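J.: data.cif is the file, holding mmCIF, C-alpha atoms:
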data_final
loop_
_atom_site.label_atom_id
_atom_site.label_comp_id
_atom_site.auth_asym_id
_atom_site.auth_seq_id
_atom_site.Cartn_x
_atom_site.Cartn_y
_atom_site.Cartn_z
CA MET T 495 -16.88 -18.86 0.62
CA LYS T 496 -14.12 -19.43 -1.93
CA LEU T 497 -10.56 -18.17 -2.36
CA TYR T 498 -9.08 -17.64 -5.82
CA ASP T 499 -5.38 -18.23 -5.38
CA SER T 500 -2.27 -18.34 -7.60
CA ARG T 501 0.68 -20.45 -6.47
CA LEU T 502 3.47 -18.56 -8.27
CA ALA T 503 2.60 -14.97 -7.42
CA PRO T 504 3.90 -13.36 -4.22
CA ASN T 505 0.76 -11.51 -3.09
CA PRO T 506 -1.49 -14.58 -2.78
CA ARG T 507 1.23 -16.16 -0.61
CA ARG T 508 0.77 -13.32 1.88
CA THR T 509 -2.88 -14.34 2.31
CA ARG T 510 -2.00 -18.07 2.51
CA ILE T 511 0.60 -17.51 5.25
CA PHE T 512 -1.84 -15.28 7.15
CA LEU T 513 -4.58 -17.94 6.99
CA ALA T 514 -2.09 -20.64 8.08
CA GLU T 515 -1.11 -18.52 11.11
CA LYS T 516 -4.81 -18.21 11.99
CA GLY T 517 -5.43 -21.94 11.38
CA ILE T 518 -8.10 -21.16 8.77
CA THR T 519 -8.62 -23.37 5.70
CA LEU T 520 -10.82 -22.33 2.76
CA PRO T 521 -12.10 -23.92 -0.45
CA THR T 522 -9.56 -22.71 -3.00
CA GLU T 523 -9.31 -22.50 -6.79
CA GLN T 524 -6.00 -21.97 -8.58
CA VAL T 525 -5.83 -19.27 -11.28
CA ASP T 526 -2.77 -19.83 -13.48
CA ILE T 527 -1.01 -16.61 -14.52
CA MET T 528 1.31 -18.27 -17.05
CA THR T 529 -1.64 -19.52 -19.15
CA MET T 530 -3.38 -16.14 -18.69
CA GLN T 531 -6.34 -17.58 -16.76
CA HIS T 532 -6.55 -14.26 -14.88
CA LYS T 533 -7.40 -12.50 -18.16
CA THR T 534 -10.42 -14.70 -19.01
CA PRO T 535 -13.92 -13.14 -19.01
CA GLU T 536 -14.86 -15.52 -16.14
CA TYR T 537 -12.11 -14.26 -13.82
CA THR T 538 -12.45 -10.64 -14.99
CA ALA T 539 -16.08 -10.79 -13.85
CA ILE T 540 -14.80 -11.70 -10.35
CA ASN T 541 -11.95 -9.18 -10.30
CA PRO T 542 -11.87 -6.54 -13.06
CA LEU T 543 -8.28 -5.79 -12.01
CA GLN T 544 -7.36 -9.37 -13.06
CA ARG T 545 -5.23 -10.07 -10.01
CA MET T 546 -5.18 -12.69 -7.31
CA PRO T 547 -6.12 -13.39 -4.59
CA ALA T 548 -9.89 -12.82 -4.54
CA LEU T 549 -12.28 -13.99 -1.84
CA VAL T 550 -15.92 -14.55 -2.76
CA LEU T 551 -18.26 -14.47 0.25
CA ASP T 552 -21.45 -16.51 0.49
CA ASP T 553 -23.53 -13.39 -0.26
CA GLY T 554 -21.57 -12.87 -3.50
CA THR T 555 -19.41 -9.98 -2.23
CA VAL T 556 -15.93 -10.11 -3.75
CA ILE T 557 -12.97 -8.98 -1.64
CA THR T 558 -9.68 -8.53 -3.48
CA GLU T 559 -6.23 -7.31 -2.36
CA SER T 560 -4.31 -9.75 -0.18
CA ILE T 561 -4.23 -7.48 2.87
CA ALA T 562 -7.95 -6.68 2.63
CA ILE T 563 -8.70 -10.43 2.77
CA CYS T 564 -6.38 -10.72 5.77
CA ARG T 565 -8.21 -7.91 7.56
CA TYR T 566 -11.55 -9.64 6.95
CA PHE T 567 -10.35 -12.70 8.84
CA GLU T 568 -8.61 -10.63 11.54
CA VAL T 569 -12.04 -9.21 12.47
CA LEU T 570 -13.81 -12.59 12.31
CA GLN T 571 -11.07 -14.39 14.26
CA PRO T 572 -8.91 -11.93 16.23
CA GLU T 573 -6.56 -14.60 17.69
CA PRO T 574 -3.65 -14.65 17.21
CA PRO T 575 -3.58 -10.89 16.48
CA LEU T 576 -1.58 -10.21 13.30
CA PHE T 577 -2.41 -6.50 12.85
CA GLY T 578 -1.55 -5.48 16.43
CA VAL T 579 -3.63 -4.69 19.52
CA GLY T 580 -4.22 -1.13 20.77
CA ALA T 581 -3.65 2.16 18.95
CA LYS T 582 0.15 2.25 19.12
CA GLU T 583 0.84 -1.37 18.10
CA ILE T 584 -1.80 -1.22 15.35
CA ALA T 585 -0.13 1.93 13.98
CA LEU T 586 3.38 0.43 14.16
CA VAL T 587 2.30 -2.78 12.38
CA GLU T 588 0.64 -0.71 9.66
CA MET T 589 3.75 1.49 9.41
CA TRP T 590 6.16 -1.42 9.01
CA ASN T 591 3.87 -3.34 6.69
CA ARG T 592 3.66 -0.27 4.45
CA ARG T 593 7.37 0.53 4.71
CA ALA T 594 8.11 -3.06 3.65
CA GLU T 595 5.60 -2.88 0.80
CA ILE T 596 6.54 0.55 -0.57
CA ASN T 597 10.31 0.50 -0.11
CA PHE T 598 11.08 -3.19 -0.49
CA PHE T 599 8.36 -5.53 -1.84
CA SER T 600 7.32 -3.18 -4.66
CA ASN T 601 10.95 -2.65 -5.66
CA VAL T 602 11.75 -6.39 -5.65
CA ALA T 603 8.61 -6.90 -7.76
CA ALA T 604 9.61 -4.05 -10.10
CA VAL T 605 12.97 -5.76 -10.77
CA PHE T 606 11.13 -8.99 -11.60
CA ARG T 607 8.37 -7.41 -13.68
CA HIS T 608 10.58 -5.08 -15.71
CA LEU T 609 13.62 -7.33 -16.26
CA HIS T 610 12.60 -11.00 -16.19
CA PRO T 611 12.10 -12.58 -19.66
CA ALA T 612 9.10 -14.55 -18.32
CA MET T 613 7.27 -11.24 -17.76
CA LYS T 614 7.60 -10.02 -21.35
CA ASP T 615 3.93 -10.68 -22.21
CA LEU T 616 2.59 -9.81 -18.73
CA GLU T 617 4.30 -6.45 -18.09
CA VAL T 618 3.80 -4.39 -21.24
CA PRO T 619 5.95 -2.45 -21.80
CA GLN T 620 8.84 -3.67 -19.69
CA VAL T 621 11.03 -0.69 -18.67
CA PRO T 622 14.44 -2.16 -17.73
CA ALA T 623 15.80 1.26 -16.68
CA TYR T 624 13.09 1.41 -14.00
CA ALA T 625 14.09 -2.01 -12.65
CA GLU T 626 17.73 -0.92 -12.49
CA ALA T 627 16.74 2.26 -10.61
CA MET T 628 14.68 0.30 -8.04
CA ARG T 629 17.27 -2.47 -7.47
CA PRO T 630 19.54 -0.46 -5.10
CA ARG T 631 16.50 0.83 -3.20
CA ALA T 632 15.45 -2.73 -2.32
CA ILE T 633 18.93 -3.45 -0.99
CA TRP T 634 19.02 -0.12 0.87
CA PHE T 635 15.84 -1.08 2.74
CA LEU T 636 17.38 -4.40 3.83
CA GLU T 637 20.32 -2.46 5.28
CA LEU T 638 17.92 -0.17 7.17
CA LEU T 639 15.96 -3.20 8.37
CA ASP T 640 19.14 -4.90 9.56
CA LYS T 641 19.75 -2.06 12.04
CA GLU T 642 16.14 -2.31 13.24
CA LEU T 643 16.30 -6.07 13.72
CA ALA T 644 19.35 -5.64 15.96
CA LYS T 645 16.90 -4.10 18.44
CA ARG T 646 13.92 -6.48 18.33
CA GLU T 647 12.75 -9.94 17.32
CA PHE T 648 10.18 -9.16 14.62
CA ILE T 649 9.67 -6.47 11.96
CA ALA T 650 7.14 -4.34 13.86
CA GLY T 651 7.97 -5.26 17.46
CA ASP T 652 8.19 -8.24 19.81
CA ARG T 653 5.23 -10.02 18.23
CA TYR T 654 4.97 -11.74 14.82
CA SER T 655 2.64 -9.72 12.56
CA VAL T 656 1.48 -9.17 9.01
CA ALA T 657 4.60 -6.99 8.55
CA ASP T 658 6.69 -10.16 8.97
CA ILE T 659 4.54 -11.93 6.39
CA THR T 660 4.99 -9.13 3.82
CA THR T 661 8.74 -8.96 4.40
CA LEU T 662 9.19 -12.76 4.29
CA VAL T 663 7.31 -13.02 0.99
CA ALA T 664 9.37 -10.16 -0.46
CA VAL T 665 12.70 -11.62 0.70
CA ASP T 666 11.79 -14.98 -0.86
CA PHE T 667 10.78 -13.18 -4.07
CA MET T 668 14.33 -11.81 -4.36
CA LYS T 669 15.35 -15.20 -5.84
CA PRO T 670 13.21 -15.04 -9.03
CA SER T 671 14.09 -11.32 -9.19
CA ARG T 672 17.78 -12.34 -9.11
CA LEU T 673 18.56 -10.10 -6.14
CA THR T 674 21.04 -11.15 -3.45
CA MET T 675 20.79 -10.63 0.30
CA PRO T 676 23.71 -8.43 1.47
CA GLU T 677 26.33 -10.57 3.27
CA SER T 678 26.40 -8.07 6.14
CA ALA T 679 22.66 -8.28 6.90
CA SER T 680 23.11 -10.74 9.77
CA ASN T 681 20.06 -9.61 11.72
CA VAL T 682 17.81 -9.91 8.67
CA LYS T 683 19.22 -13.42 8.09
CA ARG T 684 18.54 -14.42 11.72
CA TRP T 685 14.98 -13.09 11.44
CA HIS T 686 14.45 -14.77 8.03
CA ALA T 687 15.57 -18.16 9.38
CA ALA T 688 13.17 -17.81 12.32
CA VAL T 689 10.06 -16.83 10.32
CA SER T 690 10.89 -19.41 7.61
CA ALA T 691 10.92 -22.14 10.30
CA ARG T 692 7.29 -21.43 11.23
CA PRO T 693 4.85 -24.01 9.78
CA SER T 694 2.98 -21.18 8.01
CA ALA T 695 5.98 -20.41 5.78
CA ILE T 696 5.36 -23.41 3.51
CA ALA T 697 1.98 -21.93 2.52
CA MET D 937 2.42 14.86 20.33
CA LYS D 938 3.63 16.54 17.14
CA LEU D 939 2.92 16.07 13.44
CA TYR D 940 5.62 16.69 10.84
CA ASP D 941 3.75 17.77 7.74
CA SER D 942 4.59 18.98 4.24
CA ARG D 943 2.11 21.21 2.42
CA LEU D 944 3.07 20.35 -1.16
CA ALA D 945 3.22 16.54 -1.02
CA PRO D 946 0.09 14.45 -1.57
CA ASN D 947 0.54 11.84 1.21
CA PRO D 948 0.57 14.32 4.12
CA ARG D 949 -2.68 15.75 2.74
CA ARG D 950 -4.31 12.34 3.26
CA THR D 951 -3.53 12.58 6.97
CA ARG D 952 -4.67 16.23 7.16
CA ILE D 953 -8.03 15.46 5.55
CA PHE D 954 -8.49 12.43 7.83
CA LEU D 955 -7.79 14.54 10.93
CA ALA D 956 -10.16 17.25 9.69
CA GLU D 957 -12.94 14.65 9.25
CA LYS D 958 -12.30 13.50 12.83
CA GLY D 959 -12.18 17.08 14.14
CA ILE D 960 -8.67 16.54 15.54
CA THR D 961 -6.07 19.33 15.58
CA LEU D 962 -2.39 18.71 16.38
CA PRO D 963 0.74 20.80 16.92
CA THR D 964 2.34 20.72 13.45
CA GLU D 965 5.74 21.54 11.96
CA GLN D 966 6.24 22.03 8.22
CA VAL D 967 9.12 20.19 6.51
CA ASP D 968 9.91 21.80 3.16
CA ILE D 969 10.75 19.29 0.40
CA MET D 970 11.90 21.92 -2.11
CA THR D 971 14.69 23.13 0.21
CA MET D 972 15.51 19.47 1.10
CA GLN D 973 14.59 19.86 4.78
CA HIS D 974 13.53 16.19 4.76
CA LYS D 975 17.16 15.19 4.04
CA THR D 976 18.67 16.99 7.07
CA PRO D 977 20.24 14.90 9.87
CA GLU D 978 17.56 16.26 12.23
CA TYR D 979 14.64 14.97 10.18
CA THR D 980 16.44 11.76 9.19
CA ALA D 981 16.73 10.98 12.92
CA ILE D 982 12.91 11.19 13.11
CA ASN D 983 12.23 9.25 9.89
CA PRO D 984 15.18 7.44 8.27
CA LEU D 985 13.02 7.10 5.13
CA GLN D 986 13.02 10.92 4.85
CA ARG D 987 9.34 11.21 4.07
CA MET D 988 6.39 13.04 5.55
CA PRO D 989 4.13 12.84 7.48
CA ALA D 990 5.58 11.64 10.79
CA LEU D 991 3.80 11.66 14.13
CA VAL D 992 5.90 11.79 17.31
CA LEU D 993 4.03 10.56 20.38
CA ASP D 994 4.63 11.89 23.89
CA ASP D 995 6.65 8.73 24.76
CA GLY D 996 8.96 9.40 21.78
CA THR D 997 7.50 6.69 19.51
CA VAL D 998 7.56 7.80 15.87
CA ILE D 999 4.74 6.72 13.55
CA THR D 1000 5.29 7.32 9.85
CA GLU D 1001 3.20 6.47 6.77
CA SER D 1002 0.08 8.58 6.32
CA ILE D 1003 -2.36 5.67 6.67
CA ALA D 1004 -0.61 4.32 9.79
CA ILE D 1005 -1.10 7.72 11.44
CA CYS D 1006 -4.76 7.65 10.37
CA ARG D 1007 -5.23 4.19 11.91
CA TYR D 1008 -3.72 5.42 15.19
CA PHE D 1009 -6.42 8.07 15.48
CA GLU D 1010 -9.18 5.73 14.25
CA VAL D 1011 -8.51 3.54 17.32
CA LEU D 1012 -8.28 6.50 19.72
CA GLN D 1013 -11.38 8.19 18.32
CA PRO D 1014 -13.57 5.74 16.37
CA GLU D 1015 -16.22 8.32 15.37
CA PRO D 1016 -16.88 8.98 12.57
CA PRO D 1017 -15.59 5.61 11.32
CA LEU D 1018 -13.32 6.11 8.30
CA PHE D 1019 -11.97 2.54 7.97
CA GLY D 1020 -15.37 0.82 8.08
CA VAL D 1021 -17.29 -1.06 10.79
CA GLY D 1022 -17.57 -4.87 10.85
CA ALA D 1023 -15.56 -7.45 8.89
CA LYS D 1024 -17.11 -6.91 5.46
CA GLU D 1025 -17.07 -3.12 5.42
CA ILE D 1026 -13.55 -3.01 6.90
CA ALA D 1027 -12.38 -5.37 4.14
CA LEU D 1028 -14.10 -3.38 1.38
CA VAL D 1029 -12.64 -0.07 2.60
CA GLU D 1030 -9.17 -1.65 2.71
CA MET D 1031 -9.72 -3.14 -0.75
CA TRP D 1032 -10.75 0.15 -2.35
CA ASN D 1033 -8.12 2.18 -0.53
CA ARG D 1034 -5.45 -0.23 -1.84
CA ARG D 1035 -6.94 -0.41 -5.33
CA ALA D 1036 -6.88 3.40 -5.46
CA GLU D 1037 -3.31 3.51 -4.13
CA ILE D 1038 -1.81 0.75 -6.29
CA ASN D 1039 -3.63 1.34 -9.57
CA PHE D 1040 -4.20 5.08 -9.46
CA PHE D 1041 -2.38 7.18 -6.82
CA SER D 1042 1.00 5.46 -7.38
CA ASN D 1043 0.65 5.85 -11.15
CA VAL D 1044 -0.31 9.53 -10.93
CA ALA D 1045 2.69 10.01 -8.62
CA ALA D 1046 4.95 8.07 -11.02
CA VAL D 1047 4.02 10.43 -13.85
CA PHE D 1048 4.91 13.40 -11.64
CA ARG D 1049 8.10 11.94 -10.20
CA HIS D 1050 9.54 10.61 -13.46
CA LEU D 1051 8.52 13.42 -15.83
CA HIS D 1052 8.19 16.72 -13.97
CA PRO D 1053 11.25 19.01 -14.24
CA ALA D 1054 10.81 20.04 -10.56
CA MET D 1055 11.56 16.42 -9.54
CA LYS D 1056 14.92 16.24 -11.31
CA ASP D 1057 16.96 16.44 -8.09
CA LEU D 1058 14.45 14.50 -5.94
CA GLU D 1059 13.80 11.43 -8.14
CA VAL D 1060 17.21 10.19 -9.24
CA PRO D 1061 17.25 8.83 -11.87
CA GLN D 1062 14.04 9.97 -13.51
CA VAL D 1063 12.82 7.26 -15.92
CA PRO D 1064 10.44 9.02 -18.36
CA ALA D 1065 9.56 5.72 -20.12
CA TYR D 1066 8.15 4.43 -16.83
CA ALA D 1067 5.97 7.52 -16.45
CA GLU D 1068 4.67 7.08 -19.98
CA ALA D 1069 3.85 3.40 -19.27
CA MET D 1070 1.94 4.28 -16.07
CA ARG D 1071 -0.03 7.21 -17.55
CA PRO D 1072 -2.68 5.09 -19.37
CA ARG D 1073 -3.06 2.86 -16.29
CA ALA D 1074 -4.09 5.86 -14.16
CA ILE D 1075 -6.72 6.81 -16.74
CA TRP D 1076 -7.88 3.18 -17.04
CA PHE D 1077 -8.56 3.09 -13.29
CA LEU D 1078 -10.71 6.24 -13.52
CA GLU D 1079 -12.77 4.54 -16.22
CA LEU D 1080 -13.23 1.47 -13.99
CA LEU D 1081 -14.11 3.72 -11.06
CA ASP D 1082 -16.67 5.58 -13.15
CA LYS D 1083 -18.66 2.35 -13.62
CA GLU D 1084 -18.46 1.66 -9.87
CA LEU D 1085 -19.61 5.16 -8.91
CA ALA D 1086 -22.71 4.72 -11.08
CA LYS D 1087 -23.80 2.20 -8.42
CA ARG D 1088 -22.99 3.98 -5.14
CA GLU D 1089 -22.26 7.34 -3.53
CA PHE D 1090 -18.69 6.82 -2.26
CA ILE D 1091 -15.61 4.84 -3.34
CA ALA D 1092 -16.04 1.90 -0.96
CA GLY D 1093 -19.79 2.00 -0.31
CA ASP D 1094 -22.52 4.29 1.00
CA ARG D 1095 -20.31 5.88 3.64
CA TYR D 1096 -17.38 8.32 3.20
CA SER D 1097 -14.12 6.56 4.08
CA VAL D 1098 -10.35 6.73 3.85
CA ALA D 1099 -10.72 5.31 0.32
CA ASP D 1100 -12.43 8.58 -0.66
CA ILE D 1101 -9.57 10.54 0.91
CA THR D 1102 -6.92 8.60 -1.04
CA THR D 1103 -8.81 8.95 -4.31
CA LEU D 1104 -9.52 12.67 -3.80
CA VAL D 1105 -5.86 13.41 -3.09
CA ALA D 1106 -4.80 11.41 -6.15
CA VAL D 1107 -7.36 13.09 -8.46
CA ASP D 1108 -6.18 16.52 -7.26
CA PHE D 1109 -2.57 15.44 -7.84
CA MET D 1110 -3.38 14.84 -11.52
CA LYS D 1111 -2.98 18.61 -12.08
CA PRO D 1112 0.75 18.87 -11.19
CA SER D 1113 1.20 15.52 -12.99
CA ARG D 1114 -0.41 17.12 -16.08
CA LEU D 1115 -3.03 14.38 -16.37
CA THR D 1116 -6.58 15.15 -17.52
CA MET D 1117 -9.83 13.67 -16.21
CA PRO D 1118 -11.59 11.77 -19.04
CA GLU D 1119 -14.58 13.80 -20.33
CA SER D 1120 -16.79 10.72 -20.09
CA ALA D 1121 -16.13 10.08 -16.37
CA SER D 1122 -19.34 11.79 -15.24
CA ASN D 1123 -19.80 9.68 -12.10
CA VAL D 1124 -16.23 10.35 -10.97
CA LYS D 1125 -16.84 14.08 -11.57
CA ARG D 1126 -20.07 14.00 -9.52
CA TRP D 1127 -18.25 12.18 -6.68
CA HIS D 1128 -15.24 14.56 -6.90
CA ALA D 1129 -17.48 17.63 -6.63
CA ALA D 1130 -19.20 16.15 -3.57
CA VAL D 1131 -16.05 15.18 -1.63
CA SER D 1132 -14.34 18.46 -2.61
CA ALA D 1133 -17.28 20.39 -1.08
CA ARG D 1134 -16.67 18.86 2.36
CA PRO D 1135 -14.88 21.26 4.75
CA SER D 1136 -12.07 18.68 5.18
CA ALA D 1137 -11.02 19.03 1.52
CA ILE D 1138 -9.25 22.35 2.12
CA ALA D 1139 -6.84 20.59 4.53
#
Written as structure tokens, that's how I'd like the structure from this file.
T.:
Amino acid sequence: MKLYDSRLAPNPRRTRIFLAEKGITLPTEQVDIMTMQHKTPEYTAINPLQRMPALVLDDGTVITESIAICRYFEVLQPEPPLFGVGAKEIALVEMWNRRAEINFFSNVAAVFRHLHPAMKDLEVPQVPAYAEAMRPRAIWFLELLDKELAKREFIAGDRYSVADITTLVAVDFMKPSRLTMPESASNVKRWHAAVSARPSAIA
Amino acid sequence: MKLYDSRLAPNPRRTRIFLAEKGITLPTEQVDIMTMQHKTPEYTAINPLQRMPALVLDDGTVITESIAICRYFEVLQPEPPLFGVGAKEIALVEMWNRRAEINFFSNVAAVFRHLHPAMKDLEVPQVPAYAEAMRPRAIWFLELLDKELAKREFIAGDRYSVADITTLVAVDFMKPSRLTMPESASNVKRWHAAVSARPSAIA
């Protein structure tokens, strides 16, 4: 088994934090985006979508998409549960993970991809007007989340889950996207300090 | 239990097809996007993100996000399995469902949201340049998918899954987005005819 990882990109970090929470270590190979290693014929043969992470199983099966790799290990090693237990918790973790992805992570990433000079050759064409339109939506979601986190400890409930991992990675990606946490978001800041203090956060 | 649905939008259709495949019927209320019913205080109290579908459980818990609602019913009624069985199949279904969402469905939706005159008051601001940039990516994914569907019957393997539901809904949403299936995509066309012939497709 082998994990193709990329240190700078936010999605592979989701998988790394998940594996750290499970206590799983894997043989890993770095694929460097800045030198376009993900566009080589060798990597394209592994993942035609040219994105990381990718997990190659011993039988040759390739699993891509960070959350798909996480689900693979959730089935193999259910403890600690990071996708919830029972119909209702499983649904609420999925709901908050998707809300964080669709309304926050993807908008933070859009600001980075469509505005940052370093993305000029990677996001073609950059559409700055799209980044500007998504910027207030990312902040709006943090304000919504702040009200939610007044009521509970973690994003999807009283237990740390993959929804916390997605939201942590997205909050930390605000820095390269040059987005600023609203001063008033005190509950989000309390939550962010707590999840950042977990050993998995350095992954 | 009650499902808030919206006939015109593509995401609620994913949940409807999923429920039809499971043979589950639910009390349902329509929320009309065109008359802005999703922006009323009443609906905003149910889903602050003002989107459909939303499932309200008997204990008052609200589950939003079409796939989160699907997962809720997958746990309650595992047969027929639509998210896979066992670590590898579960991971591959998640991978293909996400690939179809990220690289295809979201791009088809972007073309609709940012170009269609009917979306002028719903997608503010519309960014036509973003739609134009996403249009070739949607078509590119269909070409990739055509090579995959030369090798197997369904999107994620030899069994119909939620990845087929997502892809079917996205292909059918090409029409309002004014996108055309590539003539050469014969395997996608064969697959589309087969999944469209299932009774669930009328949902």
J.: Which chain D residues are at most 9 Å from chain T (counting only C-alpha atoms), as number ranges by chain?
T.: D: 984-985, 997-1012, 1022-1032, 1034-1035, 1039, 1060-1063, 1065-1066, 1069, 1077, 1080
J.: Name the residues in contact with D:Arg949 at a cut-off of 12 Å, using only C-alpha atoms, excluding same-chain residues fewer than 3 positions from it; report them as a compact mmCIF listing (two decimals) with C-alpha atoms, in the frame of the given file.
T.:
# COMPACT_ATOMS: atom_id res chain seq x y z
CA TYR D 940 5.62 16.69 10.84
CA ASP D 941 3.75 17.77 7.74
CA SER D 942 4.59 18.98 4.24
CA ARG D 943 2.11 21.21 2.42
CA LEU D 944 3.07 20.35 -1.16
CA ALA D 945 3.22 16.54 -1.02
CA PRO D 946 0.09 14.45 -1.57
CA ARG D 952 -4.67 16.23 7.16
CA ILE D 953 -8.03 15.46 5.55
CA PHE D 954 -8.49 12.43 7.83
CA LEU D 955 -7.79 14.54 10.93
CA ALA D 956 -10.16 17.25 9.69
CA MET D 988 6.39 13.04 5.55
CA PRO D 989 4.13 12.84 7.48
CA GLU D 1001 3.20 6.47 6.77
CA SER D 1002 0.08 8.58 6.32
CA ILE D 1003 -2.36 5.67 6.67
CA ILE D 1005 -1.10 7.72 11.44
CA CYS D 1006 -4.76 7.65 10.37
CA VAL D 1098 -10.35 6.73 3.85
CA ILE D 1101 -9.57 10.54 0.91
CA THR D 1102 -6.92 8.60 -1.04
CA THR D 1103 -8.81 8.95 -4.31
CA LEU D 1104 -9.52 12.67 -3.80
CA VAL D 1105 -5.86 13.41 -3.09
CA ALA D 1106 -4.80 11.41 -6.15
CA ASP D 1108 -6.18 16.52 -7.26
CA PHE D 1109 -2.57 15.44 -7.84
CA SER D 1136 -12.07 18.68 5.18
CA ALA D 1137 -11.02 19.03 1.52
CA ILE D 1138 -9.25 22.35 2.12
CA ALA D 1139 -6.84 20.59 4.53
J.: So what do you get for atom CA of T:Phe577 versus atom CA of T:Ala657, distance-wise?
T.: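 Value for the atom CA of T:Phe577-atom CA of T:Ala657 distance: 8.2 Å.
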J.: Using all atoms listed in the file, find the one residue out of T:Glu536, T:Asp615, T:Glu595, T:Asp640 that sits nearest to T:Glu677.
T.: T:Asp640
J.: Please provide the set of residues having any atom within 10 Å of D:Arg1073, restricted to all atoms listed in the file, with same-chain residues fewer than 6 positions apart removed, written as a short mmCIF file (atom, residue, chain, number, x, y, z; two decimals) with C-alpha atoms, in the coordinates of the input.
T.:
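Contents of the output file around_35.cif:
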data_model
loop_
_atom_site.label_atom_id
_atom_site.label_comp_id
_atom_site.auth_asym_id
_atom_site.auth_seq_id
_atom_site.Cartn_x
_atom_site.Cartn_y
_atom_site.Cartn_z
CA ASN D 1039 -3.63 1.34 -9.57
CA PHE D 1040 -4.20 5.08 -9.46
CA ASN D 1043 0.65 5.85 -11.15
CA VAL D 1044 -0.31 9.53 -10.93
CA GLU D 1079 -12.77 4.54 -16.22
#
J.: Which residue gives the smallest distance to D:Gly1093 among D:Pro1072, D:Ile1038, D:Gly1020, D:Lys1056, with only C-alpha atoms counted?
T.: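 Using only C-alpha atoms, D:Gly1093 sits closest to D:Gly1020.
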J.: Write out as a PyMOL selection string which residues come within 10 Å of D:Leu1058 when counting all atoms listed in the file, dropping same-chain ones fewer than 6 positions away.
T.: chain D and resi 969-970+972+1049-1050
J.: Rounded to one decimal in Å, what is the spacing between atom CA of T:Lys533 and atom CA of D:Ser1042?
T.: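 Atom CA of D:Ser1042 lies 22.6 Å from atom CA of T:Lys533.
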J.: Please complete stretch 646-657 of chain T so it has N, CA and C atoms, and hand it over as a PDB file, in the coordinates of the input.
T.:
ATOM      1  N   ARG T 646      15.144  -5.753  17.973  1.00  0.00           N
ATOM      2  CA  ARG T 646      13.920  -6.480  18.330  1.00  0.00           C
ATOM      3  C   ARG T 646      13.794  -7.759  17.501  1.00  0.00           C
ATOM      4  N   GLU T 647      12.852  -8.615  17.926  1.00  0.00           N
ATOM      5  CA  GLU T 647      12.750  -9.940  17.320  1.00  0.00           C
ATOM      6  C   GLU T 647      12.057  -9.910  15.953  1.00  0.00           C
ATOM      7  N   PHE T 648      10.968  -9.136  15.858  1.00  0.00           N
ATOM      8  CA  PHE T 648      10.180  -9.160  14.620  1.00  0.00           C
ATOM      9  C   PHE T 648      10.168  -7.769  13.962  1.00  0.00           C
ATOM     10  N   ILE T 649       9.601  -7.698  12.757  1.00  0.00           N
ATOM     11  CA  ILE T 649       9.670  -6.470  11.960  1.00  0.00           C
ATOM     12  C   ILE T 649       9.040  -5.279  12.680  1.00  0.00           C
ATOM     13  N   ALA T 650       7.862  -5.480  13.276  1.00  0.00           N
ATOM     14  CA  ALA T 650       7.140  -4.340  13.860  1.00  0.00           C
ATOM     15  C   ALA T 650       7.219  -4.296  15.375  1.00  0.00           C
ATOM     16  N   GLY T 651       7.908  -5.269  15.995  1.00  0.00           N
ATOM     17  CA  GLY T 651       7.970  -5.260  17.460  1.00  0.00           C
ATOM     18  C   GLY T 651       8.326  -6.639  17.976  1.00  0.00           C
ATOM     19  N   ASP T 652       7.834  -6.970  19.178  1.00  0.00           N
ATOM     20  CA  ASP T 652       8.190  -8.240  19.810  1.00  0.00           C
ATOM     21  C   ASP T 652       7.210  -9.355  19.474  1.00  0.00           C
ATOM     22  N   ARG T 653       6.250  -9.036  18.597  1.00  0.00           N
ATOM     23  CA  ARG T 653       5.230 -10.020  18.230  1.00  0.00           C
ATOM     24  C   ARG T 653       5.230 -10.187  16.702  1.00  0.00           C
ATOM     25  N   TYR T 654       5.113 -11.442  16.247  1.00  0.00           N
ATOM     26  CA  TYR T 654       4.970 -11.740  14.820  1.00  0.00           C
ATOM     27  C   TYR T 654       3.703 -11.066  14.289  1.00  0.00           C
ATOM     28  N   SER T 655       3.799 -10.449  13.102  1.00  0.00           N
ATOM     29  CA  SER T 655       2.640  -9.720  12.560  1.00  0.00           C
ATOM     30  C   SER T 655       2.625  -9.823  11.040  1.00  0.00           C
ATOM     31  N   VAL T 656       1.620  -9.195  10.465  1.00  0.00           N
ATOM     32  CA  VAL T 656       1.480  -9.170   9.010  1.00  0.00           C
ATOM     33  C   VAL T 656       2.692  -8.478   8.356  1.00  0.00           C
ATOM     34  N   ALA T 657       3.387  -7.626   9.094  1.00  0.00           N
ATOM     35  CA  ALA T 657       4.600  -6.990   8.550  1.00  0.00           C
ATOM     36  C   ALA T 657       5.705  -8.031   8.340  1.00  0.00           C
TER      37      ALA T 657
END
